[in-house]
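Raw contents of query.cif, mmCIF, C-alpha atoms and all ligand atoms:
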data_structure
#
loop_
_atom_site.label_atom_id
_atom_site.label_comp_id
_atom_site.auth_asym_id
_atom_site.auth_seq_id
_atom_site.Cartn_x
_atom_site.Cartn_y
_atom_site.Cartn_z
CA MET Y 1 0.00 0.00 0.00
CA PRO Y 2 1.32 3.51 -0.78
CA SER Y 3 1.97 5.53 2.36
CA LYS Y 4 -0.37 8.47 1.74
CA THR Y 5 -2.09 10.30 -1.10
CA LEU Y 6 -0.95 13.84 -1.74
CA GLY Y 7 -3.01 16.10 -3.98
CA ILE Y 8 -1.22 18.90 -5.82
CA LEU Y 9 -3.11 21.90 -7.17
CA GLY Y 10 -1.22 23.04 -10.28
CA GLY Y 11 0.53 20.80 -12.78
CA GLY Y 12 3.72 22.72 -13.61
CA GLN Y 13 7.35 21.71 -13.28
CA LEU Y 14 7.37 22.20 -9.50
CA GLY Y 15 4.69 19.54 -9.18
CA LEU Y 16 6.58 17.30 -11.61
CA MET Y 17 9.74 17.43 -9.51
CA MET Y 18 7.78 17.03 -6.26
CA ILE Y 19 6.30 13.81 -7.62
CA ILE Y 20 9.58 12.38 -8.89
CA GLU Y 21 11.24 13.10 -5.54
CA GLY Y 22 8.27 12.16 -3.32
CA ARG Y 23 7.72 8.81 -5.02
CA LYS Y 24 10.82 7.54 -3.26
CA LEU Y 25 8.73 7.54 -0.08
CA GLY Y 26 5.97 5.59 -1.76
CA VAL Y 27 3.59 8.55 -1.76
CA ARG Y 28 0.75 8.47 -4.29
CA PHE Y 29 0.27 11.75 -6.17
CA TYR Y 30 -2.92 13.23 -7.58
CA VAL Y 31 -2.62 16.41 -9.65
CA HIS Y 32 -5.12 19.01 -10.84
CA ASP Y 33 -4.50 21.48 -13.64
CA GLU Y 34 -6.66 23.47 -16.04
CA HIS Y 35 -4.71 22.16 -19.03
CA GLU Y 36 -4.40 18.51 -19.86
CA ASP Y 37 -0.85 18.80 -21.20
CA ALA Y 38 0.63 20.23 -17.93
CA PRO Y 39 3.99 18.56 -17.08
CA ALA Y 40 3.03 17.09 -13.69
CA LEU Y 41 -0.16 15.49 -15.03
CA ARG Y 42 1.93 13.15 -17.17
CA VAL Y 43 3.67 11.64 -14.15
CA ALA Y 44 0.75 11.75 -11.69
CA ASP Y 45 -0.89 8.61 -10.34
CA LYS Y 46 -4.19 10.27 -11.19
CA ALA Y 47 -4.78 13.38 -13.29
CA PHE Y 48 -7.72 15.74 -12.71
CA VAL Y 49 -8.35 18.33 -15.42
CA GLY Y 50 -10.59 21.39 -15.75
CA ASP Y 51 -13.54 21.36 -13.32
CA HIS Y 52 -12.50 18.18 -11.53
CA TRP Y 53 -10.65 19.72 -8.61
CA GLN Y 54 -13.34 18.67 -6.11
CA GLU Y 55 -12.54 15.02 -6.75
CA LEU Y 56 -8.85 15.67 -6.18
CA VAL Y 57 -9.50 17.44 -2.88
CA SER Y 58 -11.89 14.81 -1.56
CA SER Y 59 -9.72 11.83 -2.51
CA SER Y 60 -6.37 13.16 -1.17
CA ASP Y 61 -5.15 12.86 2.43
CA VAL Y 62 -3.30 16.17 2.21
CA VAL Y 63 -3.58 18.92 -0.44
CA THR Y 64 -0.76 21.26 -1.41
CA PHE Y 65 -0.16 23.66 -4.33
CA GLU Y 66 2.77 24.31 -6.59
CA PHE Y 67 1.64 27.73 -7.72
CA GLU Y 68 -0.15 30.52 -5.83
CA HIS Y 69 -2.66 31.33 -8.53
CA VAL Y 70 -4.66 28.11 -8.43
CA SER Y 71 -8.45 27.82 -8.02
CA PRO Y 72 -9.49 29.75 -4.87
CA LYS Y 73 -12.46 27.37 -4.53
CA ALA Y 74 -10.17 24.34 -4.45
CA LEU Y 75 -7.97 26.00 -1.82
CA ALA Y 76 -11.03 26.90 0.26
CA MET Y 77 -12.43 23.37 0.09
CA ALA Y 78 -9.09 21.81 1.08
CA HIS Y 79 -8.85 24.31 3.92
CA GLU Y 80 -12.36 23.53 5.19
CA LEU Y 81 -11.60 19.81 5.20
CA GLY Y 82 -8.41 20.48 7.20
CA LYS Y 83 -6.24 19.09 4.36
CA LEU Y 84 -4.45 22.20 3.10
CA ARG Y 85 -0.71 22.56 3.73
CA PRO Y 86 0.82 25.15 3.78
CA ASN Y 87 -2.19 26.92 5.33
CA LEU Y 88 -4.71 29.18 3.60
CA THR Y 89 -3.27 32.43 5.02
CA SER Y 90 0.13 31.72 3.47
CA VAL Y 91 -1.32 31.38 -0.01
CA LEU Y 92 -3.94 34.14 0.27
CA VAL Y 93 -1.35 36.66 1.45
CA LYS Y 94 0.71 35.74 -1.60
CA GLN Y 95 -2.03 36.14 -4.18
CA SER Y 96 -1.52 39.90 -4.18
CA LYS Y 97 1.86 41.60 -4.06
CA ILE Y 98 0.20 44.42 -2.10
CA ARG Y 99 -1.23 42.11 0.56
CA GLU Y 100 2.15 40.36 0.75
CA ARG Y 101 4.03 43.61 1.39
CA GLU Y 102 1.46 44.82 3.90
CA PHE Y 103 1.69 41.51 5.75
CA LEU Y 104 5.49 41.73 5.89
CA ARG Y 105 5.21 45.26 7.26
CA GLU Y 106 2.58 44.27 9.83
CA VAL Y 107 4.78 41.51 11.24
CA GLY Y 108 7.76 43.89 11.37
CA LEU Y 109 9.91 42.43 8.57
CA PRO Y 110 12.09 44.76 6.46
CA THR Y 111 11.11 45.37 2.82
CA PRO Y 112 12.06 47.96 0.20
CA ARG Y 113 10.16 51.22 0.66
CA PHE Y 114 6.87 50.95 -1.18
CA ALA Y 115 3.58 52.74 -1.84
CA VAL Y 116 0.15 51.50 -2.84
CA VAL Y 117 -1.43 53.80 -5.41
CA ASN Y 118 -5.07 54.02 -6.47
CA SER Y 119 -5.00 56.51 -9.34
CA ARG Y 120 -2.74 57.95 -12.01
CA SER Y 121 -2.09 61.07 -9.93
CA GLU Y 122 -1.11 59.01 -6.87
CA LEU Y 123 1.16 56.97 -9.13
CA GLU Y 124 2.81 60.10 -10.47
CA SER Y 125 3.44 61.50 -7.02
CA ALA Y 126 4.89 58.19 -5.79
CA VAL Y 127 7.30 58.14 -8.75
CA GLU Y 128 8.17 61.75 -8.06
CA ARG Y 129 8.88 60.90 -4.41
CA PHE Y 130 10.88 57.69 -4.97
CA GLY Y 131 12.75 58.64 -8.13
CA LYS Y 132 13.84 55.37 -9.69
CA CYS Y 133 11.24 52.75 -8.95
CA VAL Y 134 9.54 49.58 -10.05
CA VAL Y 135 5.78 49.65 -10.59
CA LYS Y 136 4.21 46.24 -10.06
CA VAL Y 137 0.80 44.85 -10.99
CA PRO Y 138 -0.33 43.10 -7.80
CA TYR Y 139 -2.35 40.17 -9.14
CA GLY Y 140 -1.33 37.16 -11.21
CA ALA Y 141 2.14 38.52 -12.04
CA TYR Y 142 5.26 36.37 -11.79
CA ASP Y 143 8.66 35.93 -13.47
CA GLY Y 144 8.93 39.68 -13.95
CA LYS Y 145 5.57 39.98 -15.74
CA GLY Y 146 3.62 43.14 -14.93
CA GLN Y 147 6.74 45.07 -13.82
CA TYR Y 148 7.60 48.55 -15.09
CA TYR Y 149 10.92 50.29 -14.39
CA THR Y 150 10.78 54.06 -14.41
CA GLY Y 151 12.29 57.13 -12.85
CA ASN Y 152 10.12 59.77 -14.36
CA PRO Y 153 6.46 60.55 -13.56
CA LYS Y 154 6.03 61.62 -17.20
CA GLU Y 155 7.18 58.23 -18.49
CA LEU Y 156 4.34 56.04 -17.38
CA SER Y 157 2.59 55.35 -20.67
CA GLU Y 158 3.39 51.62 -20.53
CA VAL Y 159 1.97 51.21 -17.05
CA PRO Y 160 -1.63 49.92 -17.22
CA ASN Y 161 -4.30 52.25 -15.93
CA GLN Y 162 -5.52 49.64 -13.48
CA TYR Y 163 -5.46 50.14 -9.74
CA PRO Y 164 -4.30 49.48 -7.12
CA LEU Y 165 -0.63 49.20 -8.14
CA LEU Y 166 2.42 48.60 -5.98
CA VAL Y 167 5.27 51.09 -6.37
CA ASP Y 168 8.62 49.93 -5.05
CA GLU Y 169 11.67 52.07 -4.58
CA PHE Y 170 14.35 50.80 -6.96
CA VAL Y 171 16.91 48.97 -4.81
CA ARG Y 172 20.48 49.12 -6.08
CA PHE Y 173 21.26 45.84 -4.41
CA SER Y 174 24.73 44.36 -4.29
CA LYS Y 175 23.28 40.87 -4.46
CA GLU Y 176 20.03 38.98 -4.53
CA ILE Y 177 19.87 36.01 -2.22
CA SER Y 178 17.18 33.62 -1.07
CA VAL Y 179 16.61 31.34 1.87
CA VAL Y 180 14.77 28.06 1.49
CA LEU Y 181 13.65 26.38 4.68
CA ALA Y 182 11.45 23.49 5.71
CA ARG Y 183 9.19 23.78 8.77
CA SER Y 184 7.28 20.94 10.36
CA ALA Y 185 3.90 21.07 12.11
CA SER Y 186 5.72 20.93 15.45
CA GLY Y 187 7.70 24.07 14.53
CA GLU Y 188 11.04 22.41 13.76
CA VAL Y 189 12.96 24.38 11.11
CA ARG Y 190 15.71 23.16 8.76
CA PHE Y 191 17.52 25.71 6.61
CA TYR Y 192 19.39 25.22 3.37
CA PRO Y 193 22.38 27.56 3.06
CA ALA Y 194 21.63 31.01 1.63
CA ILE Y 195 21.51 30.99 -2.18
CA GLU Y 196 22.87 33.65 -4.53
CA ASN Y 197 20.57 34.47 -7.44
CA TYR Y 198 20.99 36.30 -10.70
CA ASN Y 199 17.83 37.64 -12.33
CA HIS Y 200 17.58 39.40 -15.66
CA GLU Y 201 14.48 41.37 -16.62
CA GLY Y 202 12.73 40.02 -13.54
CA ILE Y 203 13.32 36.31 -14.20
CA LEU Y 204 15.78 33.93 -12.57
CA ILE Y 205 18.73 33.04 -14.78
CA TYR Y 206 20.96 31.14 -12.37
CA SER Y 207 21.41 30.37 -8.66
CA ILE Y 208 24.55 29.36 -6.77
CA ALA Y 209 24.75 27.78 -3.32
CA PRO Y 210 26.22 28.70 -0.95
CA ALA Y 211 25.82 32.47 -1.49
CA GLN Y 212 29.08 34.40 -1.29
CA VAL Y 213 27.99 36.88 1.37
CA PRO Y 214 29.39 37.78 4.80
CA ASP Y 215 28.27 35.49 7.63
CA GLU Y 216 26.28 38.31 9.27
CA VAL Y 217 24.25 38.76 6.08
CA GLU Y 218 23.43 35.06 5.88
CA THR Y 219 22.57 34.92 9.60
CA LYS Y 220 20.24 37.91 9.24
CA ALA Y 221 18.50 36.38 6.22
CA LEU Y 222 17.99 33.02 7.94
CA ARG Y 223 16.60 34.74 11.02
CA LEU Y 224 14.14 36.82 8.97
CA ALA Y 225 13.01 33.78 6.98
CA LYS Y 226 12.35 31.90 10.21
CA GLN Y 227 10.41 34.85 11.64
CA LEU Y 228 8.25 34.90 8.54
CA ALA Y 229 7.62 31.14 8.74
CA GLU Y 230 6.58 31.55 12.37
CA ALA Y 231 4.35 34.55 11.62
CA LEU Y 232 2.56 32.45 8.98
CA ASN Y 233 2.41 29.37 11.24
CA TYR Y 234 3.89 27.69 8.22
CA VAL Y 235 4.21 23.99 7.41
CA GLY Y 236 6.20 22.91 4.35
CA VAL Y 237 9.01 24.42 2.30
CA LEU Y 238 9.10 28.22 2.25
CA ALA Y 239 11.35 30.38 0.05
CA VAL Y 240 12.19 34.00 0.89
CA GLU Y 241 13.87 36.32 -1.61
CA PHE Y 242 16.08 39.15 -0.38
CA PHE Y 243 17.94 42.17 -1.68
CA VAL Y 244 21.29 42.67 0.04
CA THR Y 245 22.03 46.39 -0.02
CA ARG Y 246 25.48 47.85 -0.43
CA GLY Y 247 25.47 48.67 3.29
CA GLY Y 248 24.81 45.00 4.18
CA ASP Y 249 21.11 45.42 4.99
CA VAL Y 250 18.81 42.60 4.07
CA LEU Y 251 15.35 43.44 2.68
CA ILE Y 252 12.65 40.94 1.84
CA ASN Y 253 11.42 41.43 -1.73
CA GLU Y 254 8.96 38.56 -1.72
CA PHE Y 255 8.35 35.03 -0.57
CA ALA Y 256 6.95 31.86 -2.09
CA PRO Y 257 4.77 29.55 0.04
CA ARG Y 258 6.07 26.50 -1.84
CA VAL Y 259 9.11 24.90 -3.38
CA HIS Y 260 11.03 27.45 -5.42
CA ASN Y 261 13.20 27.80 -8.50
CA THR Y 262 16.14 29.03 -6.39
CA GLY Y 263 15.99 25.73 -4.45
CA HIS Y 264 16.35 23.45 -7.48
CA TRP Y 265 20.09 23.04 -6.78
CA THR Y 266 19.08 20.84 -3.81
CA LEU Y 267 18.15 18.11 -6.31
CA LEU Y 268 21.85 17.43 -6.72
CA GLY Y 269 23.63 19.50 -4.07
CA SER Y 270 21.96 18.48 -0.83
CA ILE Y 271 21.25 15.28 1.05
CA THR Y 272 17.50 15.99 0.90
CA SER Y 273 16.00 17.98 -1.95
CA GLN Y 274 13.56 20.81 -1.26
CA PHE Y 275 10.87 18.70 -2.96
CA GLU Y 276 11.35 15.72 -0.68
CA ASN Y 277 11.48 18.00 2.35
CA HIS Y 278 8.22 19.68 1.35
CA VAL Y 279 6.56 16.29 1.03
CA ARG Y 280 8.03 15.16 4.35
CA ALA Y 281 6.95 18.34 6.15
CA ILE Y 282 3.36 18.34 4.93
CA LEU Y 283 2.88 14.59 5.45
CA ASP Y 284 4.33 14.76 8.98
CA TYR Y 285 7.47 12.73 8.36
CA PRO Y 286 10.74 13.84 10.00
CA LEU Y 287 12.49 16.58 8.04
CA GLY Y 288 15.52 15.53 6.02
CA ASP Y 289 19.11 16.67 6.28
CA THR Y 290 19.63 19.97 4.41
CA GLU Y 291 23.41 19.85 4.38
CA LEU Y 292 25.18 21.10 1.25
CA LEU Y 293 27.17 18.26 -0.28
CA ARG Y 294 29.33 20.35 -2.62
CA PRO Y 295 29.07 23.85 -4.14
CA SER Y 296 26.08 23.75 -6.47
CA ALA Y 297 24.17 25.76 -9.02
CA ILE Y 298 21.31 25.74 -11.47
CA VAL Y 299 20.89 27.50 -14.78
CA ASN Y 300 17.38 27.99 -16.18
CA ILE Y 301 16.64 27.07 -19.77
CA LEU Y 302 14.27 29.86 -20.82
CA GLY Y 303 12.34 29.99 -24.06
CA LYS Y 304 14.40 27.34 -25.87
CA PRO Y 305 13.14 24.14 -27.44
CA TRP Y 306 14.78 20.78 -26.81
CA ASN Y 307 17.93 20.56 -28.90
CA GLU Y 308 20.12 17.45 -29.17
CA ASP Y 309 23.31 19.42 -29.68
CA MET Y 310 22.61 21.62 -26.64
CA ALA Y 311 21.84 18.57 -24.51
CA ASN Y 312 24.96 16.70 -25.61
CA ARG Y 313 27.22 19.66 -24.93
CA ILE Y 314 25.74 20.33 -21.49
CA LEU Y 315 25.82 16.69 -20.46
CA SER Y 316 29.48 16.38 -21.40
CA ILE Y 317 30.42 18.98 -18.74
CA PRO Y 318 31.32 17.11 -15.54
CA GLY Y 319 28.85 17.43 -12.65
CA THR Y 320 25.84 18.47 -14.75
CA LYS Y 321 22.34 17.09 -15.12
CA ILE Y 322 19.41 18.32 -17.16
CA TRP Y 323 15.85 18.46 -15.91
CA TRP Y 324 13.58 18.90 -18.92
CA TYR Y 325 9.95 19.70 -18.15
CA ASN Y 326 8.43 18.59 -21.48
CA LYS Y 327 6.10 21.56 -21.79
CA ALA Y 328 3.85 21.37 -24.80
CA GLU Y 329 4.74 24.80 -26.15
CA VAL Y 330 7.87 26.95 -26.20
CA ARG Y 331 7.27 30.63 -25.48
CA PRO Y 332 9.80 33.45 -25.06
CA ARG Y 333 11.23 33.40 -21.48
CA ARG Y 334 9.14 30.34 -20.54
CA LYS Y 335 10.90 27.96 -18.13
CA MET Y 336 11.45 24.86 -20.30
CA GLY Y 337 13.99 23.09 -18.09
CA HIS Y 338 17.04 23.67 -15.94
CA VAL Y 339 20.57 22.39 -15.55
CA ASN Y 340 21.93 21.23 -12.18
CA ILE Y 341 25.65 21.75 -11.65
CA ILE Y 342 27.91 20.53 -8.86
CA ALA Y 343 31.69 21.00 -8.42
CA ASN Y 344 34.46 20.96 -5.84
CA SER Y 345 34.74 24.72 -5.49
CA ILE Y 346 32.58 27.81 -5.95
CA GLY Y 347 35.03 29.00 -8.61
CA GLU Y 348 34.54 25.82 -10.63
CA VAL Y 349 30.76 25.99 -10.20
CA ARG Y 350 30.78 29.56 -11.53
CA ARG Y 351 32.88 28.54 -14.54
CA ARG Y 352 30.48 25.73 -15.32
CA VAL Y 353 27.49 28.10 -14.94
CA PHE Y 354 28.98 30.38 -17.61
CA ASP Y 355 29.86 27.44 -19.87
CA VAL Y 356 26.27 26.20 -19.62
CA MET Y 357 24.93 29.74 -20.20
CA ASN Y 358 26.98 30.01 -23.38
CA ILE Y 359 25.70 26.68 -24.64
CA ILE Y 360 22.06 27.56 -23.98
CA TYR Y 361 22.05 31.21 -24.96
CA GLY Y 362 25.03 31.61 -27.33
CA GLU Y 363 25.63 35.28 -28.09
CA GLU Y 364 22.66 36.36 -25.97
CA ALA Y 365 24.47 35.12 -22.84
CA GLU Y 366 26.68 38.19 -22.64
CA LYS Y 367 23.73 40.56 -22.82
CA ILE Y 368 21.81 38.60 -20.18
CA LEU Y 369 24.78 38.64 -17.83
CA LYS Y 370 25.54 42.34 -18.29
CA SER Y 371 22.90 43.70 -15.94
CA PRO Y 372 20.04 42.30 -13.88
CA TRP Y 373 17.76 45.13 -14.91
CA PRO Y 374 15.80 45.68 -18.11
CA LYS Y 375 17.48 49.04 -18.55
CA PRO Y 376 21.17 48.52 -17.74
CA ASP Y 377 21.56 52.20 -16.83
CA MET Y 378 19.16 51.84 -13.87
P1 LIG Q 401 8.12 38.27 -9.68
O1 LIG Q 401 7.05 37.96 -8.69
O2 LIG Q 401 7.63 38.55 -11.05
O3 LIG Q 401 9.27 37.29 -9.61
P2 LIG Q 401 9.71 40.16 -8.15
O4 LIG Q 401 9.12 41.23 -7.34
O5 LIG Q 401 10.31 39.00 -7.42
O6 LIG Q 401 8.67 39.68 -9.23
O7 LIG Q 401 10.85 40.74 -9.05
C1 LIG Q 401 11.64 39.96 -9.89
C2 LIG Q 401 13.02 40.56 -9.97
O8 LIG Q 401 12.94 41.93 -10.42
C3 LIG Q 401 13.75 40.64 -8.65
O9 LIG Q 401 14.33 39.40 -8.33
C4 LIG Q 401 14.76 41.74 -8.96
O10 LIG Q 401 15.81 41.27 -9.78
C5 LIG Q 401 13.94 42.72 -9.78
N1 LIG Q 401 13.27 43.69 -8.86
C6 LIG Q 401 12.03 43.59 -8.34
N2 LIG Q 401 11.75 44.61 -7.51
C7 LIG Q 401 12.85 45.39 -7.48
C8 LIG Q 401 13.21 46.59 -6.78
N3 LIG Q 401 12.36 47.20 -5.98
N4 LIG Q 401 14.46 47.08 -7.01
C9 LIG Q 401 15.34 46.48 -7.84
N5 LIG Q 401 15.05 45.35 -8.53
C10 LIG Q 401 13.84 44.80 -8.36
#
Taking this structure as input, can you express it in the form of C-alpha cells?
Ligand code: ADP
Amino acid sequence: MPSKTLGILGGGQLGLMMIIEGRKLGVRFYVHDEHEDAPALRVADKAFVGDHWQELVSSSDVVTFEFEHVSPKALAMAHELGKLRPNLTSVLVKQSKIREREFLREVGLPTPRFAVVNSRSELESAVERFGKCVVKVPYGAYDGKGQYYTGNPKELSEVPNQYPLLVDEFVRFSKEISVVLARSASGEVRFYPAIENYNHEGILIYSIAPAQVPDEVETKALRLAKQLAEALNYVGVLAVEFFVTRGGDVLINEFAPRVHNTGHWTLLGSITSQFENHVRAILDYPLGDTELLRPSAIVNILGKPWNEDMANRILSIPGTKIWWYNKAEVRPRRKMGHVNIIANSIGEVRRRVFDVMNIIYGEEAEKILKSPWPKPDM
C-alpha cells in the first residue's frame, strides 16, 4: 500500500519534480491542472483536469499547491476539510503583491520602501517621491511579468491604468539572495544555506549555493526567513527572496509559500531535496538533512526548445544534469527546463554556470549577464 495520497493543485514543473522526488517515499500523487498537457499530469498517479478539482480534494489525504494562482475554490475546500498545507493564510497573502508587502510590514519584517497607489495622480506623485522605482501589478504577475521600471512621472505610458498598483523604490542591491527552509507542524525548522541568485528582466537566470555573502548577512537572512515562517504558522518548504544592499542590509522582496526555483540546486547538491522535504513536512514525516554536499548551481533554460546538440554539450560537462519539463509549447522566457551543476569549489561551479549559459544562450548570454535590470543604466 502507498503511504499516503498527496493532492497537488497546479501541474507545472514544480509539481513534476515534487512527484519524482516524493515517489521515493511511496507517496501516491494526484494532480489538478486546467490544461491537460501540464507537465506534472503526465507523471501523476491520477490526473484531474478542468472542473474536476473537487474530486482531487476529496480523494487526497493532504492537499498542497505548486503555484499561488490556483483555483481559490479548491484552496477553500481543502482548507475547510483540514487538508491544506501550507495553510490558507500563506497562499492568500501571496495572491496579491500588495497584501504580501502589507503583511510583511505588519509583522515587522524589512522590505524595500513601497507605496500602494489608487489613481494615475497618486502613481505620479509616488514616482516623483521615490525617483527610480519599479511599478508592479499586484495580481497574477510572476517571473517579472507586470513590472515597469521608471524614474520619471512623465514616463508612465506603458503602465496599465488599473489600480491598485504597488510602487517599489528601486533597490540598487549588491546581491540577490534567497533562503529556502522546511518547517514541520511541530515548529522544527531546517535551513538550506543562503543561495545567490541572478535575475535578468525580472526572471531567474541562475542560482549558486552557498551564497558568497558575509556570515552576518546570511545569519540575518535566515533569522528573517524563520520569523516569517513563524508569523505564517507555516508547514512545508518556504522560500524567501532578499535584496542585500550595499550597506549590508537585508530586505525581503517577496516570498513563495512552496518549493522554489532558487531551491532546485538541492536536487543534486543536498542530502534531501527541497521537494522531498516539502513532502516530508506536509505529510508529517521527520524533516531531512539539508546539508550542502558540494558547491552547487542551477541555470534555467528559458524559451528554448529541446535541442540534441545543446543537450549533448551540457551533459558532457562534468557534474551536470538536465531536468527537462516537457512543456507542450515553447514561449519566449518560458521555463522549459534547468541544468543542475555541482563541483568541488565555488570558482569551478561559476565557470560551469557560464559554460552552460553560453551553450544555452550563445551570443545572448553576454547581454543577459551584463545587468540584472531591463534598462542597464538603472
Ligand atoms: P516576480 O514575482 O515577477 O518574480 P519580483 O518582485 O520578485 O517579481 O521581481 C523579480 C526581480 O525583479 C527581482 O528578483 C529583482 O531582480 C527585480 N526587482 C524587483 N523589484 C525590485 C526593486 N524594488 N528594485 C530592484 N530590482 C527589483
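Considering all atoms listed in the file, the residue among Y:Glu176, Y:Thr89, Y:Ser125, Y:Glu169 positioned nearest to Leu156 of chain Y is Y:Ser125.
Residues in contact with ligand LIG 401 (chain Q) comprise Pro112, Cys133, Val134, Ala141, Tyr142, Asp143, Gly144, Lys145, Asp168, Glu169, Phe170, Val171, Arg172, Phe173, Glu176, Asn199, His200, Glu201, Gly202, Ile203, Asn253, Glu254, Pro372 and Trp373 of chain Y, where contact means an atom-to-atom distance of at most 7 Å counting all atoms listed in the file.
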- Pick from Y:Leu267, Y:Ala311, Y:Ile317, Y:Ala328 nearest to Asp355 of chain Y, counting only C-alpha atoms: Y:Ile317
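With all atoms listed in the file as the basis for measurement, Y:Thr64 is the residue among Y:Asn118, Y:Thr320, Y:Asn197, Y:Thr64 that approaches Leu283 of chain Y most closely.
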- Query: Any idea what's packed within 7 Å of segment 34-45 of chain Y, counting only C-alpha atoms, ignoring anything in its chain fewer than 5 positions away? Could you give it as a PyMOL selection string?
  - Reply: chain Y and resi 11-13+15-16+28-29+50+325-328
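Restricting the calculation to all atoms listed in the file, the smallest distance between Ala182 of chain Y and any of Y:Asn277, Y:Ser345, Y:Asn307, Y:Thr5 is found for Y:Asn277.
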Would you list the residues near (4.9, 34.5, 15.3), meaning any protein, DNA or RNA residue with an atom at most 12 Å from that point in file coordinates, counting only C-alpha atoms, as a PDB file with C-alpha atoms, keeping the file's coordinate frame?
ATOM      1  CA  LEU Y 104       5.490  41.730   5.890  1.00  0.00           C
ATOM      2  CA  GLU Y 106       2.580  44.270   9.830  1.00  0.00           C
ATOM      3  CA  VAL Y 107       4.780  41.510  11.240  1.00  0.00           C
ATOM      4  CA  GLY Y 108       7.760  43.890  11.370  1.00  0.00           C
ATOM      5  CA  LEU Y 109       9.910  42.430   8.570  1.00  0.00           C
ATOM      6  CA  GLY Y 187       7.700  24.070  14.530  1.00  0.00           C
ATOM      7  CA  LEU Y 224      14.140  36.820   8.970  1.00  0.00           C
ATOM      8  CA  ALA Y 225      13.010  33.780   6.980  1.00  0.00           C
ATOM      9  CA  LYS Y 226      12.350  31.900  10.210  1.00  0.00           C
ATOM     10  CA  GLN Y 227      10.410  34.850  11.640  1.00  0.00           C
ATOM     11  CA  LEU Y 228       8.250  34.900   8.540  1.00  0.00           C
ATOM     12  CA  ALA Y 229       7.620  31.140   8.740  1.00  0.00           C
ATOM     13  CA  GLU Y 230       6.580  31.550  12.370  1.00  0.00           C
ATOM     14  CA  ALA Y 231       4.350  34.550  11.620  1.00  0.00           C
ATOM     15  CA  LEU Y 232       2.560  32.450   8.980  1.00  0.00           C
ATOM     16  CA  ASN Y 233       2.410  29.370  11.240  1.00  0.00           C
ATOM     17  CA  TYR Y 234       3.890  27.690   8.220  1.00  0.00           C
TER      18      TYR Y 234
END
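Going from atom CA of Arg183 of chain Y over to atom CA of Ile8 of chain Y, you cover 18.6 Å.
You will find atom CA of Val349 of chain Y at 16.8 Å from atom CA of Ala365 of chain Y.
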- Selection near Gly26 of chain Y, 12 Å with all atoms listed in the file, sequence-local residues under 4 positions removed, as a PyMOL selection string: chain Y and resi 1-6+19-22+45+276+279-280+283
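For the atom pair formed by atom CA of Ile341 of chain Y and atom CA of Ile301 of chain Y, the distance is 13.2 Å, given to one decimal.
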- Item | Spatial neighbours of Val135 of chain Y, 7 Å, only C-alpha atoms, chain gap at least 3 places, as a PyMOL selection string | chain Y and resi 147-149+165-168
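Using only C-alpha atoms, the nearest neighbour of Pro193 of chain Y within the list Y:Val235, Y:Leu292, Y:Val137, Y:Val127 is Y:Leu292.
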